[in-house]
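Here the structure comes first, spelled out in structure tokens, and everything after it is commentary.
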Amino acid sequence: MSPTPHRVRRRTAALLALLAGVAAVVLPPQPGARAASANGPVPAAAQWIDRTTVVWKDARHADAQLEFGDPAQRPEAGQGRASGRIRLTPGTLTPAERATYPHLSGYPAFTVDPRDRALAPAALRGRLVATQRTADGRQTATTGVQIPGVLDDLYGTRAQHASLGPVFHAGRPTLSVWAPTARTVALELDGRPVPMRRDDATGVWSVRGERTWTGKPYRYLVTVWAPAAGRTVTNKVTDPYSTALTTDSARSLVVDLADPHLAPAGWATLRKPAPVPLRRARIQELHIRDFSVEDRTSRHPGQYLAFTDTRSAGMQHLKSLAAAGTSHVHLLPAFDFSSVPERRADQQRPDCDLPALPADSERQQECVAKVAAHDAYNWGYDPLHYSVPEGSYASDPSGTARTVEFRRMVQGLNGIGLRTVMDVVYNHTAASGQDDPHSILDRIVPGYYHRLLDDGAVATSTCCSGTAPEHTMMGKLVVDSVVTWARQYKVDGFRFDLMGHHPKADILAVRKALDALTPARDGVDGRSVILYGEGWNFGEAANDARFVQATQRNMAGTGIATFNDRARDAIRGGTPFDADPRVQGFASGLYTDPNSSPANGDPAAQRSRLLHYQDLIKVGLTGNLADYTFTDTTDRRVKGSQVDYNGAPAGYAAAPGDALAYADAHDNETLYDALAYKLPPGTSAADRARMQVVALATAALSQGPALSQAGSDLLRSKSLDRNSFNSGDWFNAVHWTCTGERRDGAAANGFGRGLPPAADNKERWPYAKPLLTNPSLRPDCATIAATSAAYRDLLRIHATEPAFDLATTARVQSALSFPLSGKDETPGVITMRLADLVIVFNATPQRQTQTLPGLKGRPYALHPLQAHGADPTAAAATCTPASGTFTVPARTVAVFRQG
């Protein structure tokens, strides 16, 4: 999988398949990881890690040197010697160097001759190679040199405090860019170059402009040695710290985000919904275009401004969720990305009569795929400019409309009681290298911003050109960008894509910077901004190989949450990447309602696995606490960390808030589609809906934060698509308004829009085809409405009961228990006591009775919000206080409260 000029292929969650407790992900060979070729990366086995030390993986003997420059090249003023050599002698890494570069500790190290150390700044601004020669001067080895470490040593400490991009003082802009290896940098403005001045201490180039520059397009002209090109080039590059852009990101714009003309009415006095601690957050994950593109009640389909259409079906539904207890909307990437043409006139559309095609046809996906590289749709995980809103969601992609309209979107969400989370992707860029126009960072400081493997190739384990936030100035870019979104756009939270590829220190630096923001000085309380991310452990950084990662276990105790895949897999069954998608779990009928898949094993194996899944879910309900102690289904007294999850500890959290519960998200099939594969084919639409609520409840009623994909409460389907990053509106749009059988022939929830795109689903077509025409998988409007209402009842219970706000492991240990856990536990039923609540999760197709002798004589009754709620089946749950017996209908979650 590799980037192209028009489309970056979003990693399938197969990349995360091995997130289930494995050390690393093994991927097919990727173009970015090849050895060097005529058009590829230059091998660079030597690494200049600081001004005193070079590490060379393949060094074979003691004599080595760094050779720089071209003898024929004339030095420019202030650049020192144009060419020369830097002598190296055999050495060792210091303890500090070993700690900073653990992955290099086994390689030969060389010490830079003290007499030559002053040559480093000049050597870094031209061609640089490491060579070895014999005593008679014959060259025996040569390689390129990786330079991020020495750049950080020479410039990073001082440059990390510099203000970059356009900064305004008294109406006049100063534009600054960090380019320490550049020979010259100029500003291209009004079609002419404007010289910029270099600060030799920081490597920052700056120019102060006039008031008349405001609003004008600009680029930087960076003259720099490009190893991939093998020559000095002049790159015309937009500003990595851009605050505004022209259409399709062709130019940066000189814009002050504090300009009052960019503030919509009421922006300065915006009243936000009351903040909630992360451990209480209930989050809806939503793609901006999915939200409104097929909502006929929206006046701005597919745009930021759709969130200002307060009477639209989508906004009314979000408002109802907010009233029930949803606290945040998590927006999939809304920063500037590369994969969608921003002008509507340039966006292609499928030319087939999609509504006329059969539910199980291949033609829909074929037609969508033909235009996928140039249509209006992508998830957006291909960053271009990290701190500018994406233009394709704006009414006008050129200029500052996107700034104003993004702010209006935040206002609209805040106005209905929802805070806003941004999905941020600092772990990779859309491209790297010299030739791709979407390579911005790498054409300003070649070889710095991306993580390089030991041979000099750019790491691509994230699917694309992986960045290196462990490098000072990439880490600074992450912090500065997040602070920009929080201060200038009043964003209330951030979800970090592949956060495990970041150093823990980088994410903690983000937290520290946010905590410093105050309402009086910055217009925002940074301490109320929530942070969470994907703490997966894989790739070249796995197992803390290069730094202490921001992974699940490492982030415990920081107040920054990571996604809890343990409970997710137990709820759904198997993993999202099983060859047979019918592998069942707790909420999909394992053992209690088996399907015909041989992958589930015999009844004994199913029972054993189901009971273990129940232990995983119990740990999840505690907030995935490592030290929470309970009796597991084998009658052992265990901690959460002693419950096995594919060879890794299930519990890893130090406190509620460290782990984020979820049953589905944008990656992999929607929950409805996963259950479509896993439940027996004859399961009725009503029973499928009830199992949907059971699955959602295991996250909604857990300690700690929880997330659900938008539309899951409406049984949202993507027609079984497991990776819809590029599947267009046809497969992705949310259907907020139920009109029964849709005019396009699909079910009211979007199921049956044809076979899902072949690229990521074809091996599952034999399983998918008979399902797409199965009438039991086509819920009617009443079923969809009832599902959403039942889910909202559970959200209300969570929002109104203080027992769901336990802040410490000790408090959870004291208040939460599983009184029927043990070898005699009922398969398919989890009974949880939480302070004065008893919650029974009955995932079986039969009514279940659970007797708790310790509660005999206690005055328990069904919670009023269910007894008088939307779900008549749940309302039929009963309690017999005299015996401490709780009776719960099939496929139902019931909450009882002591009166």
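Ordering of the structure tokens sets the chain letters (A, B, ...); residue numbers start at 1 within each chain; ligands are numbered from 1 in the order shown.
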Exercise. Name the residues of region 367-572 of chain A that come out as strand (DSSP E or B) in a backbone DSSP run; write them as number ranges by chain.
Key: A: 383-389, 399, 419-424, 428-429, 450, 452, 458, 465-467, 493-496, 503, 530-533, 549, 561-563
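The space separating CA of Val693 (chain A) from CA of Ala587 (chain A) comes to 9.1 Å.
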Self-check item: Spatial neighbours of region 188-205 of chain A, 10 Å, only C-alpha atoms, chain gap at least 2 places, as a PyMOL selection string
Solution: chain A and resi 78-79+121+151-152+154-164+175-186+207-209+213+216-221+236-238+251+253-254
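Here CA of Ala807 (chain A) stands at a distance of 15.7 Å from CA of Tyr652 (chain A).
Using only C-alpha atoms, the residues found no farther than 12 Å from Ala758 (chain A), other than those of its own chain fewer than 2 positions away, are A:Ser361, A:Glu362, A:Arg363, A:Gln364, A:Gln365, A:Glu366, A:Cys367, A:Val368, A:Ala369, A:Lys370, A:Leu720, A:Asp721, A:Arg722, A:Asn723, A:Ser724, A:Asn726, A:Ser727, A:Gly754, A:Leu755, A:Pro756, A:Asp760, A:Asn761, A:Lys762, A:Glu763, A:Arg764, A:Trp765, A:Pro766, A:Ala768.
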Would you save the residues from that selection as an mmCIF file, in the first residue's frame, using N, CA and C atoms?
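Generated file (result.cif):
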```cif
data_model
loop_
_atom_site.group_PDB
_atom_site.id
_atom_site.type_symbol
_atom_site.label_atom_id
_atom_site.label_comp_id
_atom_site.auth_asym_id
_atom_site.auth_seq_id
_atom_site.Cartn_x
_atom_site.Cartn_y
_atom_site.Cartn_z
ATOM 1 N N SER A 361 -25.756 -7.307 -6.164
ATOM 2 C CA SER A 361 -25.034 -7.121 -7.421
ATOM 3 C C SER A 361 -23.595 -6.671 -7.187
ATOM 4 N N GLU A 362 -22.711 -7.018 -8.136
ATOM 5 C CA GLU A 362 -21.337 -6.523 -8.131
ATOM 6 C C GLU A 362 -21.233 -5.144 -8.780
ATOM 7 N N ARG A 363 -22.246 -4.715 -9.474
ATOM 8 C CA ARG A 363 -22.149 -3.519 -10.295
ATOM 9 C C ARG A 363 -22.022 -2.241 -9.483
ATOM 10 N N GLN A 364 -22.666 -2.166 -8.334
ATOM 11 C CA GLN A 364 -22.564 -0.927 -7.547
ATOM 12 C C GLN A 364 -21.124 -0.641 -7.170
ATOM 13 N N GLN A 365 -20.459 -1.624 -6.601
ATOM 14 C CA GLN A 365 -19.088 -1.388 -6.159
ATOM 15 C C GLN A 365 -18.161 -1.143 -7.344
ATOM 16 N N GLU A 366 -18.431 -1.794 -8.445
ATOM 17 C CA GLU A 366 -17.607 -1.585 -9.640
ATOM 18 C C GLU A 366 -17.738 -0.149 -10.138
ATOM 19 N N CYS A 367 -18.948 0.363 -10.136
ATOM 20 C CA CYS A 367 -19.200 1.716 -10.616
ATOM 21 C C CYS A 367 -18.598 2.754 -9.665
ATOM 22 N N VAL A 368 -18.754 2.524 -8.352
ATOM 23 C CA VAL A 368 -18.180 3.438 -7.364
ATOM 24 C C VAL A 368 -16.658 3.439 -7.454
ATOM 25 N N ALA A 369 -16.065 2.261 -7.639
ATOM 26 C CA ALA A 369 -14.607 2.161 -7.675
ATOM 27 C C ALA A 369 -14.005 2.901 -8.869
ATOM 28 N N LYS A 370 -14.745 2.975 -9.970
ATOM 29 C CA LYS A 370 -14.210 3.633 -11.170
ATOM 30 C C LYS A 370 -13.913 5.109 -10.934
ATOM 31 N N LEU A 720 -22.133 -4.314 4.326
ATOM 32 C CA LEU A 720 -21.098 -5.287 4.671
ATOM 33 C C LEU A 720 -19.682 -4.851 4.288
ATOM 34 N N ASP A 721 -19.473 -3.587 3.988
ATOM 35 C CA ASP A 721 -18.141 -3.089 3.642
ATOM 36 C C ASP A 721 -17.273 -3.037 4.901
ATOM 37 N N ARG A 722 -16.123 -3.690 4.862
ATOM 38 C CA ARG A 722 -15.254 -3.752 6.040
ATOM 39 C C ARG A 722 -14.227 -2.631 6.077
ATOM 40 N N ASN A 723 -14.090 -1.865 4.988
ATOM 41 C CA ASN A 723 -13.062 -0.819 4.938
ATOM 42 C C ASN A 723 -13.515 0.257 3.965
ATOM 43 N N SER A 724 -14.450 1.083 4.398
ATOM 44 C CA SER A 724 -15.155 1.976 3.482
ATOM 45 C C SER A 724 -14.465 3.323 3.282
ATOM 46 N N ASN A 726 -12.836 4.575 1.049
ATOM 47 C CA ASN A 726 -12.876 5.143 -0.292
ATOM 48 C C ASN A 726 -14.087 4.623 -1.060
ATOM 49 N N SER A 727 -15.135 4.279 -0.329
ATOM 50 C CA SER A 727 -16.286 3.620 -0.946
ATOM 51 C C SER A 727 -17.405 4.579 -1.321
ATOM 52 N N GLY A 754 -25.716 -3.471 -2.567
ATOM 53 C CA GLY A 754 -24.830 -4.202 -3.450
ATOM 54 C C GLY A 754 -23.672 -4.814 -2.691
ATOM 55 N N LEU A 755 -22.952 -5.711 -3.356
ATOM 56 C CA LEU A 755 -21.769 -6.296 -2.743
ATOM 57 C C LEU A 755 -20.761 -5.195 -2.427
ATOM 58 N N PRO A 756 -20.064 -5.280 -1.293
ATOM 59 C CA PRO A 756 -19.122 -4.229 -0.927
ATOM 60 C C PRO A 756 -17.900 -4.242 -1.839
ATOM 61 N N ASP A 760 -11.266 -4.716 -0.712
ATOM 62 C CA ASP A 760 -11.078 -5.170 0.665
ATOM 63 C C ASP A 760 -12.117 -6.183 1.110
ATOM 64 N N ASN A 761 -12.995 -6.611 0.218
ATOM 65 C CA ASN A 761 -14.101 -7.466 0.636
ATOM 66 C C ASN A 761 -14.327 -8.704 -0.231
ATOM 67 N N LYS A 762 -13.635 -8.813 -1.343
ATOM 68 C CA LYS A 762 -14.018 -9.845 -2.311
ATOM 69 C C LYS A 762 -13.951 -11.249 -1.732
ATOM 70 N N GLU A 763 -12.988 -11.497 -0.853
ATOM 71 C CA GLU A 763 -12.897 -12.833 -0.273
ATOM 72 C C GLU A 763 -14.101 -13.153 0.605
ATOM 73 N N ARG A 764 -14.860 -12.123 0.980
ATOM 74 C CA ARG A 764 -16.044 -12.344 1.814
ATOM 75 C C ARG A 764 -17.329 -12.346 0.995
ATOM 76 N N TRP A 765 -17.243 -12.100 -0.290
ATOM 77 C CA TRP A 765 -18.450 -12.086 -1.118
ATOM 78 C C TRP A 765 -19.275 -13.377 -1.016
ATOM 79 N N PRO A 766 -18.633 -14.557 -0.976
ATOM 80 C CA PRO A 766 -19.468 -15.767 -0.862
ATOM 81 C C PRO A 766 -20.331 -15.776 0.399
ATOM 82 N N ALA A 768 -21.273 -12.854 1.901
ATOM 83 C CA ALA A 768 -22.107 -11.653 1.841
ATOM 84 C C ALA A 768 -23.297 -11.801 0.909
#
```
Practice problem: Give me every helix (DSSP H, G or I) residue in region 361-445 of chain A, going by DSSP on the backbone, as a ChimeraX atom specification. | Solution: /A:363-371,391-393,401-415,441-444
Selection from above, N, CA and C atoms, as a PDB file, in the first residue's frame, can you write it?
```
ATOM      1  N   ARG A 363     -22.246  -4.715  -9.474  1.00  0.00           N
ATOM      2  CA  ARG A 363     -22.149  -3.519 -10.295  1.00  0.00           C
ATOM      3  C   ARG A 363     -22.022  -2.241  -9.483  1.00  0.00           C
ATOM      4  N   GLN A 364     -22.666  -2.166  -8.334  1.00  0.00           N
ATOM      5  CA  GLN A 364     -22.564  -0.927  -7.547  1.00  0.00           C
ATOM      6  C   GLN A 364     -21.124  -0.641  -7.170  1.00  0.00           C
ATOM      7  N   GLN A 365     -20.459  -1.624  -6.601  1.00  0.00           N
ATOM      8  CA  GLN A 365     -19.088  -1.388  -6.159  1.00  0.00           C
ATOM      9  C   GLN A 365     -18.161  -1.143  -7.344  1.00  0.00           C
ATOM     10  N   GLU A 366     -18.431  -1.794  -8.445  1.00  0.00           N
ATOM     11  CA  GLU A 366     -17.607  -1.585  -9.640  1.00  0.00           C
ATOM     12  C   GLU A 366     -17.738  -0.149 -10.138  1.00  0.00           C
ATOM     13  N   CYS A 367     -18.948   0.363 -10.136  1.00  0.00           N
ATOM     14  CA  CYS A 367     -19.200   1.716 -10.616  1.00  0.00           C
ATOM     15  C   CYS A 367     -18.598   2.754  -9.665  1.00  0.00           C
ATOM     16  N   VAL A 368     -18.754   2.524  -8.352  1.00  0.00           N
ATOM     17  CA  VAL A 368     -18.180   3.438  -7.364  1.00  0.00           C
ATOM     18  C   VAL A 368     -16.658   3.439  -7.454  1.00  0.00           C
ATOM     19  N   ALA A 369     -16.065   2.261  -7.639  1.00  0.00           N
ATOM     20  CA  ALA A 369     -14.607   2.161  -7.675  1.00  0.00           C
ATOM     21  C   ALA A 369     -14.005   2.901  -8.869  1.00  0.00           C
ATOM     22  N   LYS A 370     -14.745   2.975  -9.970  1.00  0.00           N
ATOM     23  CA  LYS A 370     -14.210   3.633 -11.170  1.00  0.00           C
ATOM     24  C   LYS A 370     -13.913   5.109 -10.934  1.00  0.00           C
ATOM     25  N   VAL A 371     -14.667   5.748 -10.067  1.00  0.00           N
ATOM     26  CA  VAL A 371     -14.476   7.183  -9.838  1.00  0.00           C
ATOM     27  C   VAL A 371     -13.898   7.467  -8.455  1.00  0.00           C
ATOM     28  N   GLY A 391     -10.790  21.744   2.541  1.00  0.00           N
ATOM     29  CA  GLY A 391     -11.555  22.633   1.678  1.00  0.00           C
ATOM     30  C   GLY A 391     -12.769  22.018   1.031  1.00  0.00           C
ATOM     31  N   SER A 392     -12.792  20.689   0.864  1.00  0.00           N
ATOM     32  CA  SER A 392     -13.925  20.079   0.152  1.00  0.00           C
ATOM     33  C   SER A 392     -15.211  20.137   0.959  1.00  0.00           C
ATOM     34  N   TYR A 393     -15.120  20.395   2.268  1.00  0.00           N
ATOM     35  CA  TYR A 393     -16.319  20.507   3.099  1.00  0.00           C
ATOM     36  C   TYR A 393     -16.825  21.943   3.196  1.00  0.00           C
ATOM     37  N   ALA A 401     -13.219  30.841   3.718  1.00  0.00           N
ATOM     38  CA  ALA A 401     -14.564  30.325   4.016  1.00  0.00           C
ATOM     39  C   ALA A 401     -14.473  29.077   4.885  1.00  0.00           C
ATOM     40  N   ARG A 402     -13.477  28.250   4.618  1.00  0.00           N
ATOM     41  CA  ARG A 402     -13.347  27.019   5.398  1.00  0.00           C
ATOM     42  C   ARG A 402     -13.076  27.314   6.876  1.00  0.00           C
ATOM     43  N   THR A 403     -12.334  28.402   7.141  1.00  0.00           N
ATOM     44  CA  THR A 403     -12.070  28.798   8.527  1.00  0.00           C
ATOM     45  C   THR A 403     -13.367  29.198   9.232  1.00  0.00           C
ATOM     46  N   VAL A 404     -14.107  30.077   8.594  1.00  0.00           N
ATOM     47  CA  VAL A 404     -15.354  30.562   9.194  1.00  0.00           C
ATOM     48  C   VAL A 404     -16.353  29.426   9.352  1.00  0.00           C
ATOM     49  N   GLU A 405     -16.468  28.582   8.354  1.00  0.00           N
ATOM     50  CA  GLU A 405     -17.486  27.538   8.378  1.00  0.00           C
ATOM     51  C   GLU A 405     -17.144  26.412   9.343  1.00  0.00           C
ATOM     52  N   PHE A 406     -15.856  26.124   9.518  1.00  0.00           N
ATOM     53  CA  PHE A 406     -15.472  25.154  10.540  1.00  0.00           C
ATOM     54  C   PHE A 406     -15.891  25.682  11.915  1.00  0.00           C
ATOM     55  N   ARG A 407     -15.638  26.962  12.138  1.00  0.00           N
ATOM     56  CA  ARG A 407     -16.035  27.562  13.412  1.00  0.00           C
ATOM     57  C   ARG A 407     -17.553  27.519  13.594  1.00  0.00           C
ATOM     58  N   ARG A 408     -18.283  27.749  12.533  1.00  0.00           N
ATOM     59  CA  ARG A 408     -19.744  27.672  12.629  1.00  0.00           C
ATOM     60  C   ARG A 408     -20.195  26.237  12.923  1.00  0.00           C
ATOM     61  N   MET A 409     -19.477  25.265  12.393  1.00  0.00           N
ATOM     62  CA  MET A 409     -19.791  23.873  12.707  1.00  0.00           C
ATOM     63  C   MET A 409     -19.631  23.620  14.200  1.00  0.00           C
ATOM     64  N   VAL A 410     -18.523  24.089  14.759  1.00  0.00           N
ATOM     65  CA  VAL A 410     -18.309  23.918  16.197  1.00  0.00           C
ATOM     66  C   VAL A 410     -19.426  24.603  16.981  1.00  0.00           C
ATOM     67  N   GLN A 411     -19.788  25.806  16.557  1.00  0.00           N
ATOM     68  CA  GLN A 411     -20.906  26.500  17.196  1.00  0.00           C
ATOM     69  C   GLN A 411     -22.187  25.679  17.128  1.00  0.00           C
ATOM     70  N   GLY A 412     -22.460  25.125  15.951  1.00  0.00           N
ATOM     71  CA  GLY A 412     -23.692  24.357  15.779  1.00  0.00           C
ATOM     72  C   GLY A 412     -23.749  23.150  16.694  1.00  0.00           C
ATOM     73  N   LEU A 413     -22.642  22.425  16.808  1.00  0.00           N
ATOM     74  CA  LEU A 413     -22.608  21.262  17.684  1.00  0.00           C
ATOM     75  C   LEU A 413     -22.703  21.679  19.152  1.00  0.00           C
ATOM     76  N   ASN A 414     -21.944  22.712  19.512  1.00  0.00           N
ATOM     77  CA  ASN A 414     -22.037  23.197  20.890  1.00  0.00           C
ATOM     78  C   ASN A 414     -23.457  23.628  21.228  1.00  0.00           C
ATOM     79  N   GLY A 415     -24.131  24.214  20.253  1.00  0.00           N
ATOM     80  CA  GLY A 415     -25.474  24.729  20.481  1.00  0.00           C
ATOM     81  C   GLY A 415     -26.500  23.669  20.799  1.00  0.00           C
ATOM     82  N   LEU A 441       6.730  18.434   3.907  1.00  0.00           N
ATOM     83  CA  LEU A 441       7.774  18.459   4.921  1.00  0.00           C
ATOM     84  C   LEU A 441       9.107  17.973   4.376  1.00  0.00           C
ATOM     85  N   ASP A 442       9.071  16.903   3.593  1.00  0.00           N
ATOM     86  CA  ASP A 442      10.318  16.291   3.124  1.00  0.00           C
ATOM     87  C   ASP A 442      11.006  17.110   2.039  1.00  0.00           C
ATOM     88  N   ARG A 443      10.284  18.009   1.408  1.00  0.00           N
ATOM     89  CA  ARG A 443      10.929  18.856   0.400  1.00  0.00           C
ATOM     90  C   ARG A 443      11.441  20.161   1.012  1.00  0.00           C
ATOM     91  N   ILE A 444      11.182  20.363   2.289  1.00  0.00           N
ATOM     92  CA  ILE A 444      11.758  21.515   2.992  1.00  0.00           C
ATOM     93  C   ILE A 444      13.010  21.094   3.758  1.00  0.00           C
TER      94      ILE A 444
END
```
Quiz item: What is the CA of Leu777 (chain A)-CA of Pro581 (chain A) distance in Å, reported with one decimal?
Solution: 16.1 Å
